[in-house]
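What's in my_file_1.pdb: PDB, C-alpha atoms, pLDDT in the B column
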MODEL        1
ATOM      1  CA  GLU Z   1       0.698 -20.542 -15.180  1.00 66.00           C
ATOM      2  CA  ASP Z   2       2.408 -23.850 -14.488  1.00 82.00           C
ATOM      3  CA  VAL Z   3       0.178 -24.796 -11.533  1.00 85.00           C
ATOM      4  CA  ASP Z   4      -2.189 -27.722 -12.060  1.00 83.00           C
ATOM      5  CA  GLY Z   5      -5.745 -26.413 -12.549  1.00 80.00           C
ATOM      6  CA  PHE Z   6      -4.712 -22.804 -13.163  1.00 79.00           C
ATOM      7  CA  GLU Z   7      -4.377 -23.077 -16.943  1.00 73.00           C
ATOM      8  CA  ALA Z   8      -7.793 -21.726 -17.893  1.00 61.00           C
ATOM      9  CA  VAL Z   9      -7.413 -17.945 -17.772  1.00 65.00           C
ATOM     10  CA  GLY Z  10     -10.851 -16.348 -17.742  1.00 68.00           C
ATOM     11  CA  GLU Z  11     -12.504 -19.542 -16.521  1.00 76.00           C
ATOM     12  CA  LYS Z  12     -13.456 -20.167 -12.909  1.00 83.00           C
ATOM     13  CA  VAL Z  13     -10.414 -21.459 -11.029  1.00 85.00           C
ATOM     14  CA  ASP Z  14     -10.832 -24.500  -8.775  1.00 88.00           C
ATOM     15  CA  VAL Z  15      -9.279 -22.993  -5.622  1.00 91.00           C
ATOM     16  CA  ALA Z  16      -9.108 -26.296  -3.715  1.00 92.00           C
ATOM     17  CA  LYS Z  17      -7.324 -27.973  -6.618  1.00 91.00           C
ATOM     18  CA  CYS Z  18      -4.874 -25.108  -7.200  1.00 92.00           C
ATOM     19  CA  THR Z  19      -4.002 -24.175  -3.604  1.00 94.00           C
ATOM     20  CA  PRO Z  20      -1.313 -26.866  -3.037  1.00 94.00           C
ATOM     21  CA  GLY Z  21       0.408 -25.912  -6.304  1.00 94.00           C
ATOM     22  CA  ILE Z  22       0.269 -22.173  -5.556  1.00 94.00           C
ATOM     23  CA  ILE Z  23       1.733 -22.757  -2.095  1.00 95.00           C
ATOM     24  CA  GLN Z  24       4.499 -24.980  -3.476  1.00 95.00           C
ATOM     25  CA  LYS Z  25       5.303 -22.399  -6.156  1.00 93.00           C
ATOM     26  CA  ALA Z  26       5.594 -19.675  -3.497  1.00 95.00           C
ATOM     27  CA  MET Z  27       7.762 -21.854  -1.253  1.00 96.00           C
ATOM     28  CA  ASP Z  28      10.082 -22.653  -4.181  1.00 95.00           C
ATOM     29  CA  ILE Z  29      10.429 -18.957  -5.052  1.00 94.00           C
ATOM     30  CA  LEU Z  30      11.124 -18.056  -1.412  1.00 96.00           C
ATOM     31  CA  GLN Z  31      13.796 -20.729  -1.259  1.00 96.00           C
ATOM     32  CA  GLU Z  32      15.410 -19.231  -4.379  1.00 96.00           C
ATOM     33  CA  HIS Z  33      15.078 -15.720  -2.925  1.00 95.00           C
ATOM     34  CA  PRO Z  34      15.524 -16.036   0.867  1.00 92.00           C
ATOM     35  CA  THR Z  35      15.678 -12.259   1.394  1.00 94.00           C
ATOM     36  CA  ALA Z  36      12.123 -11.759   0.060  1.00 94.00           C
ATOM     37  CA  ARG Z  37       9.978 -10.139   2.755  1.00 94.00           C
ATOM     38  CA  ALA Z  38       6.532 -10.047   1.096  1.00 95.00           C
ATOM     39  CA  ILE Z  39       4.482 -11.518  -1.721  1.00 95.00           C
ATOM     40  CA  VAL Z  40       2.537  -9.374  -4.195  1.00 95.00           C
ATOM     41  CA  LEU Z  41      -0.230 -11.180  -6.068  1.00 94.00           C
ATOM     42  CA  GLU Z  42      -0.667  -9.171  -9.248  1.00 90.00           C
ATOM     43  CA  SER Z  43      -3.460 -11.183 -10.860  1.00 87.00           C
ATOM     44  CA  THR Z  44      -7.073 -10.573  -9.849  1.00 86.00           C
ATOM     45  CA  GLU Z  45      -7.501 -14.357  -9.873  1.00 88.00           C
ATOM     46  CA  LEU Z  46      -5.062 -14.844  -6.984  1.00 92.00           C
ATOM     47  CA  PRO Z  47      -6.740 -13.260  -3.890  1.00 94.00           C
ATOM     48  CA  PRO Z  48      -8.454 -16.572  -2.950  1.00 94.00           C
ATOM     49  CA  PHE Z  49      -4.966 -17.988  -2.283  1.00 95.00           C
ATOM     50  CA  ALA Z  50      -3.690 -15.090  -0.148  1.00 96.00           C
ATOM     51  CA  ASP Z  51      -4.691 -16.494   3.255  1.00 95.00           C
ATOM     52  CA  ALA Z  52      -3.116 -19.881   2.533  1.00 95.00           C
ATOM     53  CA  LEU Z  53       0.071 -18.153   1.394  1.00 96.00           C
ATOM     54  CA  ARG Z  54       0.149 -16.020   4.553  1.00 95.00           C
ATOM     55  CA  PHE Z  55      -0.322 -19.134   6.685  1.00 95.00           C
ATOM     56  CA  TYR Z  56       2.381 -21.246   5.052  1.00 95.00           C
ATOM     57  CA  THR Z  57       4.970 -18.567   4.275  1.00 95.00           C
ATOM     58  CA  ARG Z  58       4.474 -16.430   7.408  1.00 94.00           C
ATOM     59  CA  ILE Z  59       5.216 -13.244   5.445  1.00 95.00           C
ATOM     60  CA  PRO Z  60       2.871 -10.455   4.315  1.00 95.00           C
ATOM     61  CA  VAL Z  61       0.850 -11.138   1.167  1.00 96.00           C
ATOM     62  CA  TYR Z  62      -0.636  -8.242  -0.791  1.00 95.00           C
ATOM     63  CA  ASP Z  63      -3.319  -8.689  -3.431  1.00 95.00           C
ATOM     64  CA  ALA Z  64      -5.931  -6.609  -5.243  1.00 92.00           C
ATOM     65  CA  ILE Z  65      -8.217  -6.693  -2.194  1.00 93.00           C
ATOM     66  CA  THR Z  66      -5.618  -5.651   0.405  1.00 93.00           C
ATOM     67  CA  ASN Z  67      -4.379  -2.908  -1.922  1.00 91.00           C
ATOM     68  CA  ALA Z  68      -7.937  -1.588  -2.431  1.00 90.00           C
ATOM     69  CA  ASN Z  69      -8.467  -1.681   1.362  1.00 89.00           C
ATOM     70  CA  PHE Z  70      -5.212   0.228   1.837  1.00 89.00           C
ATOM     71  CA  PHE Z  71      -6.306   2.876  -0.645  1.00 86.00           C
ATOM     72  CA  MET Z  72      -9.762   3.270   0.925  1.00 85.00           C
ATOM     73  CA  THR Z  73      -8.481   3.524   4.514  1.00 84.00           C
ATOM     74  CA  GLY Z  74      -6.421   6.512   3.390  1.00 82.00           C
ATOM     75  CA  LEU Z  75      -9.736   8.304   2.875  1.00 77.00           C
ATOM     76  CA  GLN Z  76     -11.466   7.157   6.061  1.00 77.00           C
ATOM     77  CA  ASP Z  77     -11.668   8.567   9.562  1.00 75.00           C
ATOM     78  CA  ASN Z  78      -9.369   6.968  12.145  1.00 74.00           C
ATOM     79  CA  GLU Z  79     -11.458   6.753  15.315  1.00 73.00           C
ATOM     80  CA  ARG Z  80      -8.412   6.404  17.603  1.00 74.00           C
ATOM     81  CA  PHE Z  81      -7.252   9.994  17.147  1.00 71.00           C
ATOM     82  CA  GLY Z  82      -7.630  13.141  15.152  1.00 68.00           C
ATOM     83  CA  MET Z  83     -10.837  14.684  13.935  1.00 68.00           C
ATOM     84  CA  ASN Z  84     -13.497  12.032  14.531  1.00 68.00           C
ATOM     85  CA  ASN Z  85     -16.463  11.895  12.166  1.00 67.00           C
ATOM     86  CA  MET Z  86     -14.567  14.064   9.722  1.00 64.00           C
ATOM     87  CA  GLU Z  87     -16.626  12.699   6.819  1.00 61.00           C
ATOM     88  CA  LYS Z  88     -19.616  14.552   8.281  1.00 66.00           C
ATOM     89  CA  TRP Z  89     -17.663  17.731   9.111  1.00 62.00           C
ATOM     90  CA  ASP Z  90     -18.764  20.768   7.104  1.00 65.00           C
ATOM     91  CA  GLY Z  91     -15.465  22.596   7.538  1.00 63.00           C
ATOM     92  CA  LYS Z  92     -16.820  25.134  10.019  1.00 66.00           C
ATOM     93  CA  GLN Z  93     -15.486  25.302  13.568  1.00 62.00           C
ATOM     94  CA  LYS Z  94     -18.265  24.308  15.978  1.00 62.00           C
ATOM     95  CA  GLU Z  95     -16.762  25.591  19.206  1.00 65.00           C
ATOM     96  CA  ASN Z  96     -13.887  27.702  20.370  1.00 68.00           C
ATOM     97  CA  TYR Z  97     -11.267  25.479  21.935  1.00 65.00           C
ATOM     98  CA  THR Z  98      -8.966  26.690  24.679  1.00 68.00           C
ATOM     99  CA  PHE Z  99      -5.785  24.735  25.307  1.00 68.00           C
ATOM    100  CA  GLY Z 100      -6.330  22.642  28.467  1.00 73.00           C
ATOM    101  CA  GLN Z 101     -10.096  23.150  28.688  1.00 74.00           C
ATOM    102  CA  ASN Z 102     -10.594  19.439  29.293  1.00 74.00           C
ATOM    103  CA  LEU Z 103      -8.728  19.610  32.636  1.00 76.00           C
ATOM    104  CA  ALA Z 104     -10.302  20.180  36.048  1.00 78.00           C
ATOM    105  CA  GLU Z 105      -9.381  23.431  37.811  1.00 80.00           C
ATOM    106  CA  ASP Z 106      -6.943  21.736  40.221  1.00 76.00           C
ATOM    107  CA  GLU Z 107      -5.255  19.979  37.278  1.00 74.00           C
ATOM    108  CA  LYS Z 108      -4.772  23.333  35.522  1.00 74.00           C
ATOM    109  CA  GLU Z 109      -3.162  24.878  38.615  1.00 75.00           C
ATOM    110  CA  ASN Z 110      -0.881  21.922  39.522  1.00 70.00           C
ATOM    111  CA  PRO Z 111      -0.459  19.733  36.437  1.00 66.00           C
ATOM    112  CA  THR Z 112       0.999  16.280  36.963  1.00 65.00           C
ATOM    113  CA  GLU Z 113       2.990  14.430  34.311  1.00 59.00           C
ATOM    114  CA  GLU Z 114      -0.248  12.662  33.329  1.00 60.00           C
ATOM    115  CA  ASP Z 115      -2.067  16.012  33.038  1.00 51.00           C
ATOM    116  CA  THR Z 116       0.743  17.370  30.875  1.00 56.00           C
ATOM    117  CA  GLY Z 117       0.014  14.491  28.504  1.00 55.00           C
ATOM    118  CA  LYS Z 118      -3.669  15.502  28.477  1.00 50.00           C
ATOM    119  CA  LEU Z 119      -2.668  19.069  27.660  1.00 48.00           C
ATOM    120  CA  ALA Z 120      -0.711  17.874  24.672  1.00 50.00           C
ATOM    121  CA  ASN Z 121      -3.631  15.890  23.252  1.00 48.00           C
ATOM    122  CA  LYS Z 122      -2.418  12.688  24.910  1.00 44.00           C
ATOM    123  CA  SER Z 123       1.080  13.053  23.489  1.00 43.00           C
ATOM    124  CA  ARG Z 124       4.179  13.083  25.660  1.00 44.00           C
ATOM    125  CA  VAL Z 125       5.709  16.546  25.873  1.00 44.00           C
ATOM    126  CA  VAL Z 126       9.481  16.474  26.135  1.00 49.00           C
ATOM    127  CA  PRO Z 127      11.190  19.850  26.525  1.00 51.00           C
ATOM    128  CA  ILE Z 128      14.653  20.093  24.995  1.00 53.00           C
ATOM    129  CA  GLU Z 129      17.335  22.738  25.236  1.00 59.00           C
ATOM    130  CA  VAL Z 130      18.946  23.853  22.002  1.00 55.00           C
ATOM    131  CA  GLU Z 131      22.134  25.894  21.906  1.00 62.00           C
ATOM    132  CA  ASP Z 132      21.998  26.730  18.212  1.00 59.00           C
ATOM    133  CA  GLU Z 133      18.627  26.683  16.412  1.00 57.00           C
ATOM    134  CA  ASP Z 134      20.437  26.046  13.108  1.00 56.00           C
ATOM    135  CA  ASP Z 135      21.344  22.584  14.430  1.00 50.00           C
ATOM    136  CA  VAL Z 136      17.664  21.578  14.688  1.00 48.00           C
ATOM    137  CA  TRP Z 137      15.950  19.874  11.773  1.00 48.00           C
ATOM    138  CA  CYS Z 138      12.936  17.657  11.311  1.00 39.00           C
TER     139      CYS Z 138
ENDMDL
END
Using the file provided, produce a representation of the structure as structure tokens.
Amino acid sequence: EDVDGFEAVGEKVDVAKCTPGIIQKAMDILQEHPTARAIVLESTELPPFADALRFYTRIPVYDAITNANFFMTGLQDNERFGMNNMEKWDGKQKENYTFGQNLAEDEKENPTEEDTGKLANKSRVVPIEVEDEDDVWC
């Protein structure tokens, strides 16, 4: 509101003209609040300044676009693990899976530490001994 060129709400904002003032405003606020760890841009007119703020402040900047991206990725398939192409999945099991079916016969008979990771869907399996099951919680 008190940045040169940003007075006209509803009008097109001159990003080049306003950027130095927006950056200075952010730097002043961060100096007043040194424990701040992120910036949230609440106005839909502010996303054009987010990259400049990230560059000069070196802290995370969240705006309407990054928040929309965050929301949408919560509904999307993560290709790195899990049920790939789940958007196309009809909910019916396509094949019967047997634990360890992806291992060669010799790996099934004499599993190495690496094979054990394959058996656990590429997770590390760490056996633990528990004296009292009531002491275990997650």
Measuring between only C-alpha atoms, which one of Z:Met72, Z:Gln101, Z:Thr57, Z:Val15 shows the shortest distance to Gln31 (chain Z)?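 Counting only C-alpha atoms, the residue closest to Gln31 (chain Z) is Z:Thr57.
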When the PyMOL selection byres ((chain Z and resi 63) around 8) is applied to the structure above, which residues does it catch, written out as a PyMOL selection string? chain Z and resi 40-44+46-47+50+61-62+64-67
Write the residues of the preceding selection, restricted to C-alpha atoms, as a PDB file, keeping the file's coordinate frame.
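Below is the file that was written, result-v4.pdb:
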ATOM      1  CA  VAL Z  40       2.537  -9.374  -4.195  1.00 95.00           C
ATOM      2  CA  LEU Z  41      -0.230 -11.180  -6.068  1.00 94.00           C
ATOM      3  CA  GLU Z  42      -0.667  -9.171  -9.248  1.00 90.00           C
ATOM      4  CA  SER Z  43      -3.460 -11.183 -10.860  1.00 87.00           C
ATOM      5  CA  THR Z  44      -7.073 -10.573  -9.849  1.00 86.00           C
ATOM      6  CA  LEU Z  46      -5.062 -14.844  -6.984  1.00 92.00           C
ATOM      7  CA  PRO Z  47      -6.740 -13.260  -3.890  1.00 94.00           C
ATOM      8  CA  ALA Z  50      -3.690 -15.090  -0.148  1.00 96.00           C
ATOM      9  CA  VAL Z  61       0.850 -11.138   1.167  1.00 96.00           C
ATOM     10  CA  TYR Z  62      -0.636  -8.242  -0.791  1.00 95.00           C
ATOM     11  CA  ALA Z  64      -5.931  -6.609  -5.243  1.00 92.00           C
ATOM     12  CA  ILE Z  65      -8.217  -6.693  -2.194  1.00 93.00           C
ATOM     13  CA  THR Z  66      -5.618  -5.651   0.405  1.00 93.00           C
ATOM     14  CA  ASN Z  67      -4.379  -2.908  -1.922  1.00 91.00           C
TER      15      ASN Z  67
END
Which is closer to Phe49 (chain Z) than all the others in Z:Leu75, Z:Ile29, Z:Ala36, Z:Val13, using only C-alpha atoms? Z:Val13
Can you tell me how far CA of Pro60 (chain Z) sits from CA of Gly74 (chain Z), in Å to one decimal?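 Going from CA of Pro60 (chain Z) over to CA of Gly74 (chain Z) covers 19.4 Å.
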Mind giving me the straight-line distance from CA of Phe6 (chain Z) to CA of Arg37 (chain Z) in Å, one decimal? 25.1 Å
Shortest interatomic distance to Ala16 (chain Z) - which of Z:Ala38, Z:Phe70, Z:Asp28, Z:Ala52, counting all atoms listed in the file: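 Checking each of Z:Ala38, Z:Phe70, Z:Asp28, Z:Ala52 against Ala16 (chain Z), counting all atoms listed in the file, the winner is Z:Ala52.
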Atom-to-atom span, CA of Ala68 (chain Z) and CA of Glu7 (chain Z), Å: 26.2 Å
Leaving out Asp4 (chain Z) and any residue of its chain fewer than 3 positions from it, which residues lie within 12 Å of it when counting all atoms listed in the file, given as a list in words?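 Residues near the query, excluding close chain neighbours: Glu1, Glu7, Ala8, Val13, Asp14, Val15, Ala16, Lys17, Cys18, Thr19, Pro20, Gly21, Ile22, Ile23, Gln24 and Lys25 of chain Z.
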For the residues selected in the previous step, produce a file with C-alpha atoms as a short mmCIF file (atom, residue, chain, number, x, y, z; two decimals), keeping the file's coordinate frame.
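Ended up saving to selection.cif:
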data_model
loop_
_atom_site.label_atom_id
_atom_site.label_comp_id
_atom_site.auth_asym_id
_atom_site.auth_seq_id
_atom_site.Cartn_x
_atom_site.Cartn_y
_atom_site.Cartn_z
CA GLU Z 1 0.70 -20.54 -15.18
CA GLU Z 7 -4.38 -23.08 -16.94
CA ALA Z 8 -7.79 -21.73 -17.89
CA VAL Z 13 -10.41 -21.46 -11.03
CA ASP Z 14 -10.83 -24.50 -8.78
CA VAL Z 15 -9.28 -22.99 -5.62
CA ALA Z 16 -9.11 -26.30 -3.72
CA LYS Z 17 -7.32 -27.97 -6.62
CA CYS Z 18 -4.87 -25.11 -7.20
CA THR Z 19 -4.00 -24.18 -3.60
CA PRO Z 20 -1.31 -26.87 -3.04
CA GLY Z 21 0.41 -25.91 -6.30
CA ILE Z 22 0.27 -22.17 -5.56
CA ILE Z 23 1.73 -22.76 -2.10
CA GLN Z 24 4.50 -24.98 -3.48
CA LYS Z 25 5.30 -22.40 -6.16
#
